[in-house]
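Please read the structure below before turning to the comments.
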Number of protein chains: 2
Amino acid sequence: MSELEESIKSYFGVPNEENLATIMSVFEFQKIKKGAFLLKVGEYCRSLSFVQSGLLRMYIPTPDKDITQWISTTGDFTTDLSSFIFETPSRLSIQALTDTEIFTLSKENYNRIGNEVSEWHELEKFFIIRCFVMLEERIFSHLSMTAEERYNVFFEKHRELFHQVPLQYIASLLGMSPETFSRIRKNLEK
Amino acid sequence: MSELEESIKSYFGVPNEENLATIMSVFEFQKIKKGAFLLKVGEYCRSLSFVQSGLLRMYIPTPDKDITQWISTTGDFTTDLSSFIFETPSRLSIQALTDTEIFTLSKENYNRIGNEVSEWHELEKFFIIRCFVMLEERIFSHLSMTAEERYNVFFEKHRELFHQVPLQYIASLLGMSPETFSRIRKNLEK
DNA sequence: ATAAATCCTTGATTTTTATCAAGAGCAATA
DNA sequence: TATTGCTCTTGATAAAAATCAAGGATTTAT
């Protein structure tokens, strides 16, 4: 079974075989070169992508610096949800940190799934609720933890990332400067 | 038309009259005294509530202090979504800051709506996506703004709250100490 | 009405984190 | 191979925010 199929089942629950086949059939395979953009700020995000392999960084450019919102890795879905669903200009860019393989679902095909697969909205709802809960936890980490504590929590969950992406991006998504990040690492290695 | 009915329409879109009637009929009116709990940490959250009037504070108790996650006011829905949906112990408490009137939807009735109202899951999905996007913005505020900037953004959106709830709770939900909050206010009044 | 709580403010101090600046290590490139 | 970018580290300093402590104001309870 493909990685994508596995992930659909594990994220969305197991629809019946026929529906799963329908869902699978509308994803399109695509390769993105390192440094290329899947989405740029201001564009309309017309697709939702599943990462088959590689790494994608979502970030929001601001006047003084880029804010890394998240880094998507193998097995993740990525999109600007707001732009994709409500068809508004995207507030973020998505760029490949390495050569990346994705399965892409266009807005048209996404809508088709909604019409053709009766459980879809419900499955999707559960999926989004899980994402929502993760964001709640992330906010909690900013309300109650120091930079070092956020570092530790993130490190426990995402060790792999630490030797795959520039650490400055992880610092940014944790809400601290690269220098602070570096010093925390130095401290912990003792 | 009732406040609840208005809000259902504006948050969830307009289902047909019959469905709207079905939805409305399963909410139960309830009064909560100031200081009383709608939900306590560790309990299973069995309901989703609409605030008809009054104020509810959601917070997470930690060893050294309570972290206010959000304050719900007239027209808001409130619940521990994770606990309600996945039937896990709640990680937060919900307490009334004033005498409060709510319309409550039990998990059973919530499920009934899902079965009886065909568009329900889709409407709900849109609703949750909007909540998700709000959390994304809140995270962004912690990644890129100072305490004072977060204060200003929040103040613009939620002026009413500033003369209705203890300011320390607002400080907490913005991720700063009450003293910092107080000093920011002093600074701004000049 | 008085006492007790709660809440906000303010000052002094400490801690945390950001900023600035420089340099080292490494990889890509010409 | 030399050069150019990156990336990370480190130190020095500055700024932001937390903590500690006290006092005043207001609300709530007795």
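Naming scheme: A, B, ... for chains in displayed order of the structure tokens; residues 1 onward per chain; ligands 1 onward as shown.
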Please write out chain B, superposed on chain A by least squares over all C-alpha atoms matched in order, as a tab-separated table (two decimals) with C-alpha atoms, in the first residue's frame.
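Dumped everything to part.tsv:
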chain	number	residue	atom	x	y	z
B	1	MET	CA	0.02	-0.03	-0.04
B	2	SER	CA	1.29	3.45	-0.81
B	3	GLU	CA	2.47	5.93	1.81
B	4	LEU	CA	-0.40	8.21	0.81
B	5	GLU	CA	-2.96	5.47	1.19
B	6	GLU	CA	-1.59	4.60	4.61
B	7	SER	CA	-1.78	8.20	5.67
B	8	ILE	CA	-5.28	8.75	4.38
B	9	LYS	CA	-6.33	5.77	6.44
B	10	SER	CA	-4.51	6.81	9.54
B	11	TYR	CA	-5.45	10.47	9.44
B	12	PHE	CA	-8.96	10.22	8.11
B	13	GLY	CA	-10.04	6.81	9.30
B	14	VAL	CA	-10.80	4.03	6.91
B	15	PRO	CA	-13.40	4.79	4.27
B	16	ASN	CA	-14.67	1.79	2.31
B	17	GLU	CA	-12.50	0.46	-0.50
B	18	GLU	CA	-14.40	2.09	-3.28
B	19	ASN	CA	-14.23	5.50	-1.68
B	20	LEU	CA	-10.60	5.08	-0.83
B	21	ALA	CA	-9.98	4.31	-4.50
B	22	THR	CA	-11.88	7.43	-5.51
B	23	ILE	CA	-9.84	9.53	-3.12
B	24	MET	CA	-6.54	8.05	-4.20
B	25	SER	CA	-7.28	8.47	-7.87
B	26	VAL	CA	-7.52	12.26	-7.75
B	27	PHE	CA	-4.16	12.95	-6.14
B	28	GLU	CA	-1.49	13.85	-8.65
B	29	PHE	CA	2.17	13.05	-8.19
B	30	GLN	CA	4.54	15.97	-8.47
B	31	LYS	CA	8.22	16.69	-7.86
B	32	ILE	CA	9.53	19.93	-6.45
B	33	LYS	CA	13.15	20.96	-6.67
B	34	LYS	CA	14.94	22.22	-3.61
B	35	GLY	CA	14.30	25.93	-3.25
B	36	ALA	CA	11.21	25.93	-5.47
B	37	PHE	CA	7.90	27.28	-4.21
B	38	LEU	CA	4.73	25.31	-3.86
B	39	LEU	CA	2.93	28.53	-2.94
B	40	LYS	CA	3.87	32.19	-2.66
B	41	VAL	CA	2.37	34.89	-0.49
B	42	GLY	CA	-0.50	36.62	-2.20
B	43	GLU	CA	-1.28	33.77	-4.57
B	44	TYR	CA	-4.48	31.83	-4.27
B	45	CYS	CA	-3.72	28.44	-2.83
B	46	ARG	CA	-5.40	25.99	-5.18
B	47	SER	CA	-4.12	22.75	-3.82
B	48	LEU	CA	-3.62	20.59	-0.81
B	49	SER	CA	-0.52	18.43	-0.85
B	50	PHE	CA	0.66	15.28	0.81
B	51	VAL	CA	4.41	14.98	1.34
B	52	GLN	CA	5.65	11.67	-0.01
B	53	SER	CA	9.29	12.51	0.67
B	54	GLY	CA	11.30	15.62	1.41
B	55	LEU	CA	10.70	18.77	3.42
B	56	LEU	CA	8.58	21.85	2.93
B	57	ARG	CA	8.78	25.04	4.94
B	58	MET	CA	5.73	27.27	5.43
B	59	TYR	CA	6.66	30.80	6.35
B	60	ILE	CA	5.26	34.28	6.57
B	61	PRO	CA	7.55	37.03	5.26
B	62	THR	CA	7.56	40.17	7.42
B	63	PRO	CA	9.50	43.40	6.89
B	64	ASP	CA	12.39	42.40	9.16
B	65	LYS	CA	12.41	38.62	8.91
B	66	ASP	CA	10.65	35.51	7.73
B	67	ILE	CA	8.56	33.72	10.32
B	68	THR	CA	8.64	29.97	9.87
B	69	GLN	CA	5.18	28.73	10.73
B	70	TRP	CA	5.81	25.03	10.22
B	71	ILE	CA	7.98	22.47	8.49
B	72	SER	CA	6.18	19.60	6.78
B	73	THR	CA	7.87	16.28	6.42
B	74	THR	CA	7.12	12.84	4.99
B	75	GLY	CA	3.55	11.85	5.78
B	76	ASP	CA	2.26	15.37	6.43
B	77	PHE	CA	-0.36	17.33	4.55
B	78	THR	CA	0.40	20.92	3.72
B	79	THR	CA	-1.55	23.88	2.41
B	80	ASP	CA	-2.61	27.38	3.39
B	81	LEU	CA	-5.91	26.14	4.72
B	82	SER	CA	-7.53	29.54	4.85
B	83	SER	CA	-6.57	30.40	1.30
B	84	PHE	CA	-7.47	26.96	0.00
B	85	ILE	CA	-10.89	26.80	1.61
B	86	PHE	CA	-12.04	30.40	1.46
B	87	GLU	CA	-10.21	31.30	-1.75
B	88	THR	CA	-8.46	34.31	-0.30
B	89	PRO	CA	-4.88	35.42	-1.06
B	90	SER	CA	-2.37	33.33	0.84
B	91	ARG	CA	-0.59	34.87	3.78
B	92	LEU	CA	2.26	32.44	3.57
B	93	SER	CA	4.75	30.89	1.24
B	94	ILE	CA	5.63	27.22	1.02
B	95	GLN	CA	9.11	26.39	-0.18
B	96	ALA	CA	10.94	23.09	-0.61
B	97	LEU	CA	13.95	22.68	1.67
B	98	THR	CA	15.05	19.60	-0.27
B	99	ASP	CA	13.97	17.94	-3.46
B	100	THR	CA	10.49	16.88	-2.52
B	101	GLU	CA	7.85	14.51	-3.83
B	102	ILE	CA	4.23	15.28	-3.19
B	103	PHE	CA	0.77	14.09	-4.08
B	104	THR	CA	-1.38	17.07	-4.87
B	105	LEU	CA	-5.10	17.47	-4.66
B	106	SER	CA	-6.53	20.34	-6.68
B	107	LYS	CA	-9.42	22.37	-5.34
B	108	GLU	CA	-11.64	20.94	-8.09
B	109	ASN	CA	-10.82	17.37	-7.16
B	110	TYR	CA	-11.14	18.22	-3.50
B	111	ASN	CA	-14.67	19.44	-4.16
B	112	ARG	CA	-15.37	16.33	-6.18
B	113	ILE	CA	-14.41	14.13	-3.25
B	114	GLY	CA	-16.76	16.14	-1.06
B	115	ASN	CA	-19.61	15.42	-3.44
B	116	GLU	CA	-18.83	11.81	-4.24
B	117	VAL	CA	-17.64	10.42	-0.94
B	118	SER	CA	-20.40	10.71	1.59
B	119	GLU	CA	-18.30	10.39	4.75
B	120	TRP	CA	-15.68	12.80	3.47
B	121	HIS	CA	-16.78	15.94	5.32
B	122	GLU	CA	-16.97	14.08	8.56
B	123	LEU	CA	-13.55	12.48	8.16
B	124	GLU	CA	-12.09	15.78	7.15
B	125	LYS	CA	-13.72	17.41	10.15
B	126	PHE	CA	-12.00	14.98	12.49
B	127	PHE	CA	-8.73	15.56	10.76
B	128	ILE	CA	-9.00	19.32	11.15
B	129	ILE	CA	-10.04	19.03	14.76
B	130	ARG	CA	-6.84	17.12	15.42
B	131	CYS	CA	-4.89	19.92	13.79
B	132	PHE	CA	-6.82	22.43	15.86
B	133	VAL	CA	-5.91	20.66	19.06
B	134	MET	CA	-2.26	20.67	18.08
B	135	LEU	CA	-2.40	24.43	17.62
B	136	GLU	CA	-4.07	24.82	21.00
B	137	GLU	CA	-1.15	22.99	22.54
B	138	ARG	CA	1.29	25.12	20.68
B	139	ILE	CA	-0.37	28.27	21.99
B	140	PHE	CA	-0.27	26.85	25.48
B	141	SER	CA	3.47	26.37	25.07
B	142	HIS	CA	3.83	30.08	24.37
B	143	LEU	CA	1.66	31.08	27.30
B	144	SER	CA	3.37	28.94	29.87
B	145	MET	CA	6.83	27.81	28.83
B	146	THR	CA	10.31	29.30	28.50
B	147	ALA	CA	12.27	29.05	25.28
B	148	GLU	CA	14.17	26.09	26.67
B	149	GLU	CA	11.01	24.24	27.60
B	150	ARG	CA	9.55	24.78	24.16
B	151	TYR	CA	12.81	23.51	22.71
B	152	ASN	CA	12.62	20.33	24.73
B	153	VAL	CA	9.00	19.59	23.94
B	154	PHE	CA	9.61	20.12	20.24
B	155	PHE	CA	12.80	18.10	20.29
B	156	GLU	CA	11.05	15.11	21.83
B	157	LYS	CA	8.42	15.14	19.09
B	158	HIS	CA	10.53	16.04	16.09
B	159	ARG	CA	14.07	14.79	16.58
B	160	GLU	CA	14.43	13.87	12.91
B	161	LEU	CA	14.12	17.48	11.83
B	162	PHE	CA	17.18	18.56	13.81
B	163	HIS	CA	19.60	17.00	11.39
B	164	GLN	CA	17.60	17.68	8.26
B	165	VAL	CA	16.83	21.38	8.21
B	166	PRO	CA	18.69	24.60	9.05
B	167	LEU	CA	18.26	25.05	12.76
B	168	GLN	CA	17.37	28.71	12.37
B	169	TYR	CA	14.04	27.63	10.90
B	170	ILE	CA	13.28	25.52	13.94
B	171	ALA	CA	14.25	28.47	16.13
B	172	SER	CA	11.82	30.64	14.23
B	173	LEU	CA	8.92	28.24	14.47
B	174	LEU	CA	9.56	27.96	18.20
B	175	GLY	CA	9.50	31.73	18.52
B	176	MET	CA	13.11	32.41	19.49
B	177	SER	CA	16.23	33.87	17.86
B	178	PRO	CA	18.80	31.55	16.28
B	179	GLU	CA	21.30	32.68	18.94
B	180	THR	CA	19.03	31.72	21.80
B	181	PHE	CA	18.40	28.41	20.09
B	182	SER	CA	22.10	27.78	19.76
B	183	ARG	CA	22.74	28.62	23.41
B	184	ILE	CA	20.00	26.32	24.60
B	185	ARG	CA	21.61	23.49	22.66
B	186	LYS	CA	24.98	24.27	24.15
B	187	ASN	CA	23.53	24.24	27.63
B	188	LEU	CA	21.77	20.93	27.14
B	189	GLU	CA	24.78	19.05	25.87
B	190	LYS	CA	26.46	19.39	29.24
| query | Out of chain A, which residues get alpha helix (DSSP H) from DSSP, as number ranges by chain? | reply | A: 3-12, 17-25, 81-86, 107-116, 120-144, 147-158, 167-173, 178-188
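We find C1' of DT13 (chain D) and C1' of DA12 (chain C) to be spaced 21.2 Å apart.
Across the structure, C1' of DG11 (chain C) and C1' of DG23 (chain D) are spaced 11.1 Å apart.
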| said: Among region 2-180 of chain A, which residues does DSSP mark as strand (DSSP E) when it is run on the backbone? Keep the chain and numbering as in the structure and answer as an MDAnalysis selection string. | reply: chainID A and resid 28:32 37:39 47:53 55:61 66:73 77:78 93:96 100:106
| task | Identify which of the residues D:DT30, D:DA12, D:DG24, D:DA18 lies closest to chain B, counting only C-alpha atoms (C1' of nucleotides) when measuring atom-to-atom distances. | result | D:DA18
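Residues of chain D having any atom within 9 Å of chain A, counting only C-alpha atoms (C1' of nucleotides), are DT7, DC8, DT9 and DT10 of chain D.
Taking only C-alpha atoms (C1' of nucleotides), the non-local environment of DA3 (chain C) within 10 Å (same-chain residues fewer than 2 positions away omitted) comprises C:DA1, C:DA5, D:DA29, D:DT30.
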Residue selection dump (N, CA and C atoms (P, O5', C5', C4', C3', O3' and C1' of nucleotides)) as an mmCIF file, in the first residue's frame:
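As a result, result-v8.cif now contains:
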data_model
loop_
_atom_site.group_PDB
_atom_site.id
_atom_site.type_symbol
_atom_site.label_atom_id
_atom_site.label_comp_id
_atom_site.auth_asym_id
_atom_site.auth_seq_id
_atom_site.Cartn_x
_atom_site.Cartn_y
_atom_site.Cartn_z
ATOM 1 P P DA C 1 -22.738 52.317 56.996
ATOM 2 O "O5'" DA C 1 -22.506 51.189 58.144
ATOM 3 C "C5'" DA C 1 -22.314 51.557 59.478
ATOM 4 C "C4'" DA C 1 -21.164 50.766 60.036
ATOM 5 C "C3'" DA C 1 -19.771 51.265 59.672
ATOM 6 O "O3'" DA C 1 -18.917 50.952 60.779
ATOM 7 C "C1'" DA C 1 -20.090 49.136 58.695
ATOM 8 P P DA C 5 -9.583 36.469 54.258
ATOM 9 O "O5'" DA C 5 -9.862 36.496 52.693
ATOM 10 C "C5'" DA C 5 -10.308 37.691 52.157
ATOM 11 C "C4'" DA C 5 -10.917 37.526 50.804
ATOM 12 C "C3'" DA C 5 -9.899 37.093 49.746
ATOM 13 O "O3'" DA C 5 -10.573 36.455 48.683
ATOM 14 C "C1'" DA C 5 -10.415 39.409 49.531
ATOM 15 P P DA D 29 -19.418 37.585 47.826
ATOM 16 O "O5'" DA D 29 -19.034 37.591 49.367
ATOM 17 C "C5'" DA D 29 -17.685 37.350 49.737
ATOM 18 C "C4'" DA D 29 -17.561 37.404 51.236
ATOM 19 C "C3'" DA D 29 -18.723 36.752 51.979
ATOM 20 O "O3'" DA D 29 -18.179 36.039 53.078
ATOM 21 C "C1'" DA D 29 -18.546 39.017 52.630
ATOM 22 P P DT D 30 -19.079 35.172 54.021
ATOM 23 O "O5'" DT D 30 -19.036 35.998 55.375
ATOM 24 C "C5'" DT D 30 -17.762 36.496 55.848
ATOM 25 C "C4'" DT D 30 -17.980 37.273 57.123
ATOM 26 C "C3'" DT D 30 -19.090 36.706 58.014
ATOM 27 O "O3'" DT D 30 -18.644 36.653 59.357
ATOM 28 C "C1'" DT D 30 -19.530 38.984 57.523
#
| field | Residue hits in chain C, query chain B, radius 12 Å, only C-alpha atoms (C1' of nucleotides), as a ChimeraX atom specification | value | /C:6-11,17-18
If you keep N, CA and C atoms (P, O5', C5', C4', C3', O3' and C1' of nucleotides), can you produce a file of those selected residues as a PDB file, in the first residue's frame?
ATOM      1  P    DT C   6      -9.695  35.855  47.469  1.00  0.00           P
ATOM      2  O5'  DT C   6      -9.732  37.051  46.420  1.00  0.00           O
ATOM      3  C5'  DT C   6     -10.998  37.586  46.032  1.00  0.00           C
ATOM      4  C4'  DT C   6     -10.763  38.778  45.131  1.00  0.00           C
ATOM      5  C3'  DT C   6      -9.700  38.538  44.052  1.00  0.00           C
ATOM      6  O3'  DT C   6     -10.311  38.828  42.812  1.00  0.00           O
ATOM      7  C1'  DT C   6      -9.325  40.582  45.182  1.00  0.00           C
ATOM      8  P    DC C   7      -9.541  38.571  41.433  1.00  0.00           P
ATOM      9  O5'  DC C   7      -9.020  40.032  41.117  1.00  0.00           O
ATOM     10  C5'  DC C   7      -9.954  41.113  41.071  1.00  0.00           C
ATOM     11  C4'  DC C   7      -9.185  42.389  40.904  1.00  0.00           C
ATOM     12  C3'  DC C   7      -8.103  42.328  39.834  1.00  0.00           C
ATOM     13  O3'  DC C   7      -8.419  43.275  38.841  1.00  0.00           O
ATOM     14  C1'  DC C   7      -7.298  43.325  41.843  1.00  0.00           C
ATOM     15  P    DC C   8      -7.540  43.315  37.494  1.00  0.00           P
ATOM     16  O5'  DC C   8      -6.622  44.576  37.746  1.00  0.00           O
ATOM     17  C5'  DC C   8      -7.250  45.829  37.997  1.00  0.00           C
ATOM     18  C4'  DC C   8      -6.211  46.768  38.535  1.00  0.00           C
ATOM     19  C3'  DC C   8      -5.010  46.960  37.620  1.00  0.00           C
ATOM     20  O3'  DC C   8      -5.052  48.298  37.133  1.00  0.00           O
ATOM     21  C1'  DC C   8      -4.370  46.673  39.914  1.00  0.00           C
ATOM     22  P    DT C   9      -3.863  48.832  36.202  1.00  0.00           P
ATOM     23  O5'  DT C   9      -2.804  49.329  37.281  1.00  0.00           O
ATOM     24  C5'  DT C   9      -3.177  50.401  38.132  1.00  0.00           C
ATOM     25  C4'  DT C   9      -2.026  50.711  39.068  1.00  0.00           C
ATOM     26  C3'  DT C   9      -0.725  51.098  38.362  1.00  0.00           C
ATOM     27  O3'  DT C   9      -0.434  52.420  38.774  1.00  0.00           O
ATOM     28  C1'  DT C   9      -0.349  49.509  40.104  1.00  0.00           C
ATOM     29  P    DT C  10       0.558  53.344  37.958  1.00  0.00           P
ATOM     30  O5'  DT C  10       1.919  53.155  38.753  1.00  0.00           O
ATOM     31  C5'  DT C  10       1.932  53.331  40.163  1.00  0.00           C
ATOM     32  C4'  DT C  10       3.219  52.788  40.728  1.00  0.00           C
ATOM     33  C3'  DT C  10       4.459  52.942  39.853  1.00  0.00           C
ATOM     34  O3'  DT C  10       5.282  53.921  40.448  1.00  0.00           O
ATOM     35  C1'  DT C  10       4.363  50.807  40.920  1.00  0.00           C
ATOM     36  P    DG C  11       6.674  54.383  39.837  1.00  0.00           P
ATOM     37  O5'  DG C  11       7.684  53.495  40.674  1.00  0.00           O
ATOM     38  C5'  DG C  11       7.654  53.543  42.096  1.00  0.00           C
ATOM     39  C4'  DG C  11       8.697  52.613  42.662  1.00  0.00           C
ATOM     40  C3'  DG C  11      10.042  52.655  41.945  1.00  0.00           C
ATOM     41  O3'  DG C  11      11.067  52.659  42.940  1.00  0.00           O
ATOM     42  C1'  DG C  11       9.243  50.436  42.003  1.00  0.00           C
ATOM     43  P    DT C  17      13.619  32.520  27.886  1.00  0.00           P
ATOM     44  O5'  DT C  17      14.010  33.599  26.788  1.00  0.00           O
ATOM     45  C5'  DT C  17      13.115  34.689  26.556  1.00  0.00           C
ATOM     46  C4'  DT C  17      13.783  35.698  25.674  1.00  0.00           C
ATOM     47  C3'  DT C  17      14.439  35.131  24.409  1.00  0.00           C
ATOM     48  O3'  DT C  17      13.707  35.622  23.296  1.00  0.00           O
ATOM     49  C1'  DT C  17      15.782  36.802  25.435  1.00  0.00           C
ATOM     50  P    DA C  18      14.275  35.619  21.818  1.00  0.00           P
ATOM     51  O5'  DA C  18      14.918  37.076  21.683  1.00  0.00           O
ATOM     52  C5'  DA C  18      14.070  38.208  21.869  1.00  0.00           C
ATOM     53  C4'  DA C  18      14.757  39.465  21.379  1.00  0.00           C
ATOM     54  C3'  DA C  18      15.282  39.407  19.950  1.00  0.00           C
ATOM     55  O3'  DA C  18      14.996  40.654  19.341  1.00  0.00           O
ATOM     56  C1'  DA C  18      17.090  39.802  21.462  1.00  0.00           C
TER      57       DA C  18
END
